[in-house]
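S.K.: The structure that follows is given in the form of structure tokens.
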Amino acid sequence: MSHPLRGRTAIVGLGLAGLGAAPGFSAMELLGLSVRAALDDAGMRLADIDAVFAATSSHAFASMSVVEYLGLRPRYFDSTNVGGSSFEMHLLQATLALEAGLCDAALICYGSNQRTAGGRLVSMSEPQWHEVPYGPRHPITAYALAAARHIHQYGTSREMLADVAVAARQWANLNPDAFARGPLTREDVLAARMVSDPLTTADCCLVTDGAAACILVRAERAKDVAKPPAYFLGAAGANWHRSIQAMPDLTVTAASESGPRAFAMAGVAREDVDLLMLYDAFTINTILFLEDLGFCPKGEGGRFVQGGRIAPGGGLAVNTNGGGLSCVHPGMYGMFLIAEAVTQIRREAGARQLARADVALLHGNGGTLSSQVTAFLGSEATL
Amino acid sequence: MDEAAGPQRAYEEFLRAGRFMIQRARRTGEYVFYPRTLSPSGEVDLDWVEASGLGTVYAITVNRRRDGAVNVALVDLDEGPRMMTTIAGVETVPIGTRVKARVEAGETPRVVFDPVEEPR
């Protein structure tokens, strides 16, 4: 029997703004533009929105700030902030609120001017007192520790990490909206400046500007919208730690828990998945999530990505927009996982369009491999 | 020592006195680090005990800053808990290296580790 939430809501509007560099714009200004684009895409008015879900890297009370900026008086609102995975969690929470009849049209949105505001990872994230004396430079220190442990335990190599970055770039080269385009070889990644062993600048995500918004309604209403709806099939979160010191095993993320629960809710099997959108803040992420979501055995992720396996034309379509590594990464990237999944499901992805794009897995990551949220979106064919 | 203070303050005061102390639950014997008011199994009767100081490097990275390279390591204490630290006096060491703690004095005293040779 299928889960009662499966297919009950759908994304009917998607808007993007300021991808890459948007000099002179604030985070909220970009967010506002993406909301306008999402409303136009859905053929809806601002006044139709009666629920707001928001998290940003620069607003302590994100939904309050969004409500005011847009001039809304929502019936339901939520500022759950679990880092980059917030928006996959918002898909689940918006679905719950819509199904409970607490609202009729839910806006999920994000905006950041991280690149032009200074070009460094700015964060509201508070330092962990027991880590401070050692000067970790999070997030990269945490991810470098995880990569170092994976290399030690499973024989993963820097070349394998590099292949993740190369595959992402090859997808980005098919995406006119991607920020980092052009040739990138394994040798380029290995020769890039070492930032935190074993990760070089080319193993790290971009620092860009960007905003994205989507509008979620109950499925029966989605049928009235011009563009093909992207149906919510399921979602689940898992969270085991906050600081990297407390992660039980640096080679096993809580995606190993969120994944099976999300698969069960969505009622899909691994072989049904046409697209994987995996939160690639660093090259090690893609390897860890391929393993923890069951697409290869634990420890084999590095060998799995070799030979162009996840690049265009490979056996598994991963991060077809170019990912956080080569497309866009404005502080939190979770909204952009949703954006690419919707674009593929609508068959609007141009040169990178997948032959079959009915089931998309979105995996959001927040903190230092901390919050893990897996979600599924599907075309009408999946209902 | 301010016995009435919370565990974070107490830990930091022990460090100022040159002592590396960790918590142990009286009933279950489990060791707790970082110091907190309840153990992961929910115990609140936690005693301060001297850490053996011996541990093993679980993971390590070198933070290559413009002003120099500094390693950041996770060390598994022989008592069980893991902590963030740095391995002193070296750029890096292999994962699995045995290390021994010492309290490094300073404005903010901290526990650092040195590699040790010990018979296997």
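In the structure tokens, chains take letters A, B, ... by order of appearance, with residues numbered from 1 within each chain and ligands from 1 in the order shown.
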Using only C-alpha atoms, determine which residues of chain B fall within 7 Å of chain A; present them as a list in words.
M.R.: Tyr34, Ala59, Ile60, Thr61, Val62, Asn63, Arg64, Val72, Leu74, Arg82, Met83, Met84, Thr85, Thr86 and Arg110 of chain B
S.K.: Would you mind writing down, as JSON, numbers by chain, each residue of stretch 5-106 of chain B that DSSP on the backbone assigns to alpha helix (DSSP H)?
M.R.: {"B": [7, 8, 9, 10, 11, 12, 13, 14, 15, 16]}
S.K.: So that I can check the secondary structure, give me every residue of stretch 7-94 of chain B assigned strand (DSSP E or B) by backbone DSSP, as a ChimeraX atom specification.
M.R.: /B:21-25,31-32,46-50,54-65,68-77,82-85,87
S.K.: Give me, as number ranges by chain, all polymer residues having an atom no more than 12 Å from A:Asn113, counting only C-alpha atoms and skipping those fewer than 5 positions away in the same chain.
M.R.: A: 17-31, 56-58, 118-122, 207-211, 328-332
S.K.: Need to verify the contact set: B:Leu38, 10 Å, only C-alpha atoms, exclusion of same-chain residues closer than 6 positions in sequence. Can you return it as a PDB file with C-alpha atoms, in the first residue's frame?
M.R.:
ATOM      1  CA  PRO B   7      30.655  21.082  32.950  1.00  0.00           C
ATOM      2  CA  GLN B  23      33.569  12.712  32.687  1.00  0.00           C
ATOM      3  CA  ALA B  25      28.946   8.099  34.448  1.00  0.00           C
ATOM      4  CA  VAL B  32      31.774  11.358  28.163  1.00  0.00           C
ATOM      5  CA  VAL B  44      23.375  12.775  35.135  1.00  0.00           C
ATOM      6  CA  ASP B  45      25.632  11.426  37.893  1.00  0.00           C
ATOM      7  CA  LEU B  46      28.904  12.185  36.150  1.00  0.00           C
TER       8      LEU B  46
END
S.K.: Please provide as a PDB file with N, CA and C atoms, in the first residue's frame all residues within 12 Å of stretch 9-14 of chain B, with the sequence filter that same-chain residues fewer than 2 positions apart are discarded (counting only C-alpha atoms).
M.R.:
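Result written to out_8.pdb:
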ATOM      1  N   TRP A 129      32.355  25.171  20.945  1.00  0.00           N
ATOM      2  CA  TRP A 129      33.353  25.604  21.926  1.00  0.00           C
ATOM      3  C   TRP A 129      34.495  24.613  22.091  1.00  0.00           C
ATOM      4  N   HIS A 130      34.198  23.327  21.947  1.00  0.00           N
ATOM      5  CA  HIS A 130      35.222  22.306  22.154  1.00  0.00           C
ATOM      6  C   HIS A 130      36.109  22.135  20.922  1.00  0.00           C
ATOM      7  N   PRO A 133      39.523  25.921  20.077  1.00  0.00           N
ATOM      8  CA  PRO A 133      40.962  26.052  20.341  1.00  0.00           C
ATOM      9  C   PRO A 133      41.847  25.482  19.236  1.00  0.00           C
TER      10      PRO A 133
ATOM     11  N   MET B   1      38.624  24.583  42.431  1.00  0.00           N
ATOM     12  CA  MET B   1      37.729  24.279  41.315  1.00  0.00           C
ATOM     13  C   MET B   1      36.296  24.673  41.675  1.00  0.00           C
ATOM     14  N   ASP B   2      35.617  25.291  40.759  1.00  0.00           N
ATOM     15  CA  ASP B   2      34.244  25.728  41.014  1.00  0.00           C
ATOM     16  C   ASP B   2      33.297  24.549  40.790  1.00  0.00           C
ATOM     17  N   GLU B   3      33.063  23.825  41.893  1.00  0.00           N
ATOM     18  CA  GLU B   3      32.258  22.600  41.789  1.00  0.00           C
ATOM     19  C   GLU B   3      30.812  22.893  41.381  1.00  0.00           C
ATOM     20  N   ALA B   4      30.383  24.141  41.614  1.00  0.00           N
ATOM     21  CA  ALA B   4      28.992  24.471  41.309  1.00  0.00           C
ATOM     22  C   ALA B   4      28.801  24.848  39.839  1.00  0.00           C
ATOM     23  N   ALA B   5      29.919  25.035  39.121  1.00  0.00           N
ATOM     24  CA  ALA B   5      29.810  25.481  37.732  1.00  0.00           C
ATOM     25  C   ALA B   5      29.331  24.350  36.831  1.00  0.00           C
ATOM     26  N   GLY B   6      28.874  24.727  35.636  1.00  0.00           N
ATOM     27  CA  GLY B   6      28.493  23.734  34.635  1.00  0.00           C
ATOM     28  C   GLY B   6      29.722  23.033  34.097  1.00  0.00           C
ATOM     29  N   PRO B   7      29.536  21.922  33.388  1.00  0.00           N
ATOM     30  CA  PRO B   7      30.655  21.082  32.950  1.00  0.00           C
ATOM     31  C   PRO B   7      31.637  21.789  32.010  1.00  0.00           C
ATOM     32  N   ARG B  16      43.054  25.068  33.036  1.00  0.00           N
ATOM     33  CA  ARG B  16      43.868  26.168  33.554  1.00  0.00           C
ATOM     34  C   ARG B  16      44.772  25.685  34.689  1.00  0.00           C
ATOM     35  N   ALA B  17      44.322  24.622  35.374  1.00  0.00           N
ATOM     36  CA  ALA B  17      45.139  24.038  36.444  1.00  0.00           C
ATOM     37  C   ALA B  17      46.081  22.961  35.895  1.00  0.00           C
ATOM     38  N   GLY B  18      46.107  22.824  34.535  1.00  0.00           N
ATOM     39  CA  GLY B  18      47.034  21.879  33.909  1.00  0.00           C
ATOM     40  C   GLY B  18      46.552  20.441  33.883  1.00  0.00           C
ATOM     41  N   ARG B  19      45.271  20.229  34.113  1.00  0.00           N
ATOM     42  CA  ARG B  19      44.745  18.850  34.173  1.00  0.00           C
ATOM     43  C   ARG B  19      43.763  18.593  33.037  1.00  0.00           C
ATOM     44  N   PHE B  20      43.907  17.426  32.376  1.00  0.00           N
ATOM     45  CA  PHE B  20      42.992  16.990  31.313  1.00  0.00           C
ATOM     46  C   PHE B  20      42.008  15.997  31.935  1.00  0.00           C
ATOM     47  N   MET B  21      40.798  16.493  32.202  1.00  0.00           N
ATOM     48  CA  MET B  21      39.789  15.685  32.895  1.00  0.00           C
ATOM     49  C   MET B  21      38.629  15.390  31.943  1.00  0.00           C
ATOM     50  N   ILE B  22      38.105  14.195  32.032  1.00  0.00           N
ATOM     51  CA  ILE B  22      36.888  13.854  31.281  1.00  0.00           C
ATOM     52  C   ILE B  22      35.849  13.316  32.261  1.00  0.00           C
ATOM     53  N   GLN B  23      34.629  13.175  31.796  1.00  0.00           N
ATOM     54  CA  GLN B  23      33.569  12.712  32.687  1.00  0.00           C
ATOM     55  C   GLN B  23      33.339  11.205  32.540  1.00  0.00           C
ATOM     56  N   VAL B  32      32.464  10.310  28.914  1.00  0.00           N
ATOM     57  CA  VAL B  32      31.774  11.358  28.163  1.00  0.00           C
ATOM     58  C   VAL B  32      32.770  12.454  27.782  1.00  0.00           C
ATOM     59  N   PHE B  33      32.806  12.820  26.504  1.00  0.00           N
ATOM     60  CA  PHE B  33      33.535  13.988  26.033  1.00  0.00           C
ATOM     61  C   PHE B  33      32.865  14.425  24.739  1.00  0.00           C
ATOM     62  N   TYR B  34      32.638  15.713  24.519  1.00  0.00           N
ATOM     63  CA  TYR B  34      32.947  16.838  25.327  1.00  0.00           C
ATOM     64  C   TYR B  34      32.064  16.857  26.569  1.00  0.00           C
ATOM     65  N   PRO B  35      32.518  17.576  27.624  1.00  0.00           N
ATOM     66  CA  PRO B  35      31.786  17.582  28.890  1.00  0.00           C
ATOM     67  C   PRO B  35      30.377  18.154  28.739  1.00  0.00           C
ATOM     68  N   ARG B  36      29.408  17.505  29.379  1.00  0.00           N
ATOM     69  CA  ARG B  36      28.021  17.967  29.286  1.00  0.00           C
ATOM     70  C   ARG B  36      27.265  17.593  30.556  1.00  0.00           C
ATOM     71  N   THR B  37      26.015  18.003  30.641  1.00  0.00           N
ATOM     72  CA  THR B  37      25.258  17.780  31.876  1.00  0.00           C
ATOM     73  C   THR B  37      24.582  16.413  31.919  1.00  0.00           C
ATOM     74  N   ASP B  47      31.085  11.808  37.139  1.00  0.00           N
ATOM     75  CA  ASP B  47      32.278  12.163  37.912  1.00  0.00           C
ATOM     76  C   ASP B  47      33.368  12.651  36.961  1.00  0.00           C
ATOM     77  N   TRP B  48      34.218  13.551  37.468  1.00  0.00           N
ATOM     78  CA  TRP B  48      35.413  13.955  36.714  1.00  0.00           C
ATOM     79  C   TRP B  48      36.525  12.968  37.017  1.00  0.00           C
ATOM     80  N   VAL B  49      37.148  12.458  35.967  1.00  0.00           N
ATOM     81  CA  VAL B  49      38.286  11.558  36.160  1.00  0.00           C
ATOM     82  C   VAL B  49      39.428  12.027  35.262  1.00  0.00           C
ATOM     83  N   GLU B  50      40.655  11.756  35.714  1.00  0.00           N
ATOM     84  CA  GLU B  50      41.831  12.106  34.921  1.00  0.00           C
ATOM     85  C   GLU B  50      41.849  11.240  33.658  1.00  0.00           C
ATOM     86  N   ALA B  51      41.982  11.874  32.499  1.00  0.00           N
ATOM     87  CA  ALA B  51      42.085  11.088  31.264  1.00  0.00           C
ATOM     88  C   ALA B  51      43.429  10.382  31.230  1.00  0.00           C
ATOM     89  N   VAL B 103      48.596  19.161  28.347  1.00  0.00           N
ATOM     90  CA  VAL B 103      47.889  20.438  28.390  1.00  0.00           C
ATOM     91  C   VAL B 103      48.863  21.537  28.014  1.00  0.00           C
ATOM     92  N   ALA B 105      49.731  25.245  27.936  1.00  0.00           N
ATOM     93  CA  ALA B 105      49.327  26.460  28.651  1.00  0.00           C
ATOM     94  C   ALA B 105      49.204  27.627  27.679  1.00  0.00           C
ATOM     95  N   GLU B 107      46.824  31.605  26.979  1.00  0.00           N
ATOM     96  CA  GLU B 107      45.646  32.399  27.330  1.00  0.00           C
ATOM     97  C   GLU B 107      44.403  31.513  27.390  1.00  0.00           C
ATOM     98  N   THR B 108      44.275  30.652  26.380  1.00  0.00           N
ATOM     99  CA  THR B 108      43.239  29.617  26.405  1.00  0.00           C
ATOM    100  C   THR B 108      43.944  28.260  26.409  1.00  0.00           C
ATOM    101  N   PRO B 109      44.123  27.664  27.601  1.00  0.00           N
ATOM    102  CA  PRO B 109      44.810  26.369  27.658  1.00  0.00           C
ATOM    103  C   PRO B 109      44.040  25.326  26.844  1.00  0.00           C
ATOM    104  N   ARG B 110      44.771  24.403  26.241  1.00  0.00           N
ATOM    105  CA  ARG B 110      44.095  23.388  25.427  1.00  0.00           C
ATOM    106  C   ARG B 110      44.865  22.088  25.486  1.00  0.00           C
ATOM    107  N   VAL B 111      44.177  21.002  25.150  1.00  0.00           N
ATOM    108  CA  VAL B 111      44.814  19.687  25.100  1.00  0.00           C
ATOM    109  C   VAL B 111      45.365  19.472  23.696  1.00  0.00           C
TER     110      VAL B 111
END
S.K.: Find the residues near B:Glu43: any atom within 10 Å, counting only C-alpha atoms, skip ones fewer than 6 places away on the same chain, and give them as a list in words.
M.R.: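 Once the adjacent positions are removed, what remains is Arg24, Ala25, Arg26, Arg27, Thr28, Gly29, Glu30 and Thr37 of chain B.
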S.K.: Store the residues picked out above, limited to C-alpha atoms, as a PDB file, in the first residue's frame.
M.R.:
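Produced file again12.pdb, reproduced below:
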ATOM      1  CA  ARG B  24      32.480   9.177  33.610  1.00  0.00           C
ATOM      2  CA  ALA B  25      28.946   8.099  34.448  1.00  0.00           C
ATOM      3  CA  ARG B  26      28.875   6.647  37.941  1.00  0.00           C
ATOM      4  CA  ARG B  27      26.239   3.977  37.191  1.00  0.00           C
ATOM      5  CA  THR B  28      27.166   2.838  33.689  1.00  0.00           C
ATOM      6  CA  GLY B  29      30.886   3.620  33.644  1.00  0.00           C
ATOM      7  CA  GLU B  30      30.602   5.285  30.227  1.00  0.00           C
ATOM      8  CA  THR B  37      25.258  17.780  31.876  1.00  0.00           C
TER       9      THR B  37
END
S.K.: Within 12 Å of A:Ala269, counting only C-alpha atoms, which residues qualify if same-chain residues fewer than 5 places away don't, as number ranges by chain?
M.R.: A: 259-264, 274, 293-295, 359-361, 376
S.K.: Keeping only N, CA and C atoms, write those residues as a PDB file, in the first residue's frame.
M.R.:
ATOM      1  N   GLY A 259      17.695   7.756   3.612  1.00  0.00           N
ATOM      2  CA  GLY A 259      17.466   7.146   2.299  1.00  0.00           C
ATOM      3  C   GLY A 259      16.431   6.029   2.332  1.00  0.00           C
ATOM      4  N   PRO A 260      16.663   4.986   3.126  1.00  0.00           N
ATOM      5  CA  PRO A 260      15.681   3.885   3.165  1.00  0.00           C
ATOM      6  C   PRO A 260      14.271   4.347   3.548  1.00  0.00           C
ATOM      7  N   ARG A 261      14.164   5.308   4.483  1.00  0.00           N
ATOM      8  CA  ARG A 261      12.821   5.764   4.859  1.00  0.00           C
ATOM      9  C   ARG A 261      12.169   6.542   3.722  1.00  0.00           C
ATOM     10  N   ALA A 262      12.957   7.344   2.995  1.00  0.00           N
ATOM     11  CA  ALA A 262      12.398   8.102   1.870  1.00  0.00           C
ATOM     12  C   ALA A 262      12.021   7.168   0.716  1.00  0.00           C
ATOM     13  N   PHE A 263      12.874   6.185   0.444  1.00  0.00           N
ATOM     14  CA  PHE A 263      12.546   5.193  -0.603  1.00  0.00           C
ATOM     15  C   PHE A 263      11.231   4.490  -0.281  1.00  0.00           C
ATOM     16  N   ALA A 264      11.062   4.116   0.997  1.00  0.00           N
ATOM     17  CA  ALA A 264       9.850   3.396   1.401  1.00  0.00           C
ATOM     18  C   ALA A 264       8.614   4.277   1.221  1.00  0.00           C
ATOM     19  N   ASP A 274      15.751   7.903 -12.089  1.00  0.00           N
ATOM     20  CA  ASP A 274      16.338   8.389 -13.340  1.00  0.00           C
ATOM     21  C   ASP A 274      17.406   9.449 -13.093  1.00  0.00           C
ATOM     22  N   LEU A 293      23.163   5.862   0.072  1.00  0.00           N
ATOM     23  CA  LEU A 293      21.832   5.698  -0.531  1.00  0.00           C
ATOM     24  C   LEU A 293      21.733   4.374  -1.285  1.00  0.00           C
ATOM     25  N   GLY A 294      22.799   3.596  -1.237  1.00  0.00           N
ATOM     26  CA  GLY A 294      22.731   2.222  -1.726  1.00  0.00           C
ATOM     27  C   GLY A 294      23.009   2.027  -3.208  1.00  0.00           C
ATOM     28  N   PHE A 295      23.587   3.032  -3.875  1.00  0.00           N
ATOM     29  CA  PHE A 295      23.863   2.866  -5.305  1.00  0.00           C
ATOM     30  C   PHE A 295      25.178   2.122  -5.550  1.00  0.00           C
ATOM     31  N   VAL A 359      11.567   9.865 -12.273  1.00  0.00           N
ATOM     32  CA  VAL A 359      11.801   9.791 -10.831  1.00  0.00           C
ATOM     33  C   VAL A 359      13.133  10.459 -10.505  1.00  0.00           C
ATOM     34  N   ALA A 360      13.074  11.491  -9.658  1.00  0.00           N
ATOM     35  CA  ALA A 360      14.295  12.191  -9.232  1.00  0.00           C
ATOM     36  C   ALA A 360      14.473  12.023  -7.735  1.00  0.00           C
ATOM     37  N   LEU A 361      15.691  11.636  -7.342  1.00  0.00           N
ATOM     38  CA  LEU A 361      16.059  11.579  -5.933  1.00  0.00           C
ATOM     39  C   LEU A 361      16.846  12.846  -5.627  1.00  0.00           C
ATOM     40  N   PHE A 376      11.954  12.675  -2.853  1.00  0.00           N
ATOM     41  CA  PHE A 376      11.696  12.207  -4.214  1.00  0.00           C
ATOM     42  C   PHE A 376      10.657  13.089  -4.878  1.00  0.00           C
TER      43      PHE A 376
END
S.K.: Identify which of the residues B:Ser39, B:Asn71, B:Thr97, B:Gln8 lies closest to B:Thr56, counting only C-alpha atoms when measuring atom-to-atom distances.
M.R.: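 With only C-alpha atoms as the atom set, the closest residue is B:Thr97.
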S.K.: To one decimal place in Å, what is the distance between atom CA of A:Leu383 and atom CA of A:Ser86?
M.R.: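 Going from atom CA of A:Leu383 over to atom CA of A:Ser86, I get 25.6 Å.
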S.K.: At what distance in Å, to one decimal, does atom CA of A:Asp41 lie from atom CA of A:Gly13?
M.R.: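 We find that atom CA of A:Gly13 and atom CA of A:Asp41 lie 5.1 Å from each other.
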S.K.: One number please: atom CA of A:Val373 to atom CA of A:Ala165, in Å, one decimal.
M.R.: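 It comes out at 22.4 Å.
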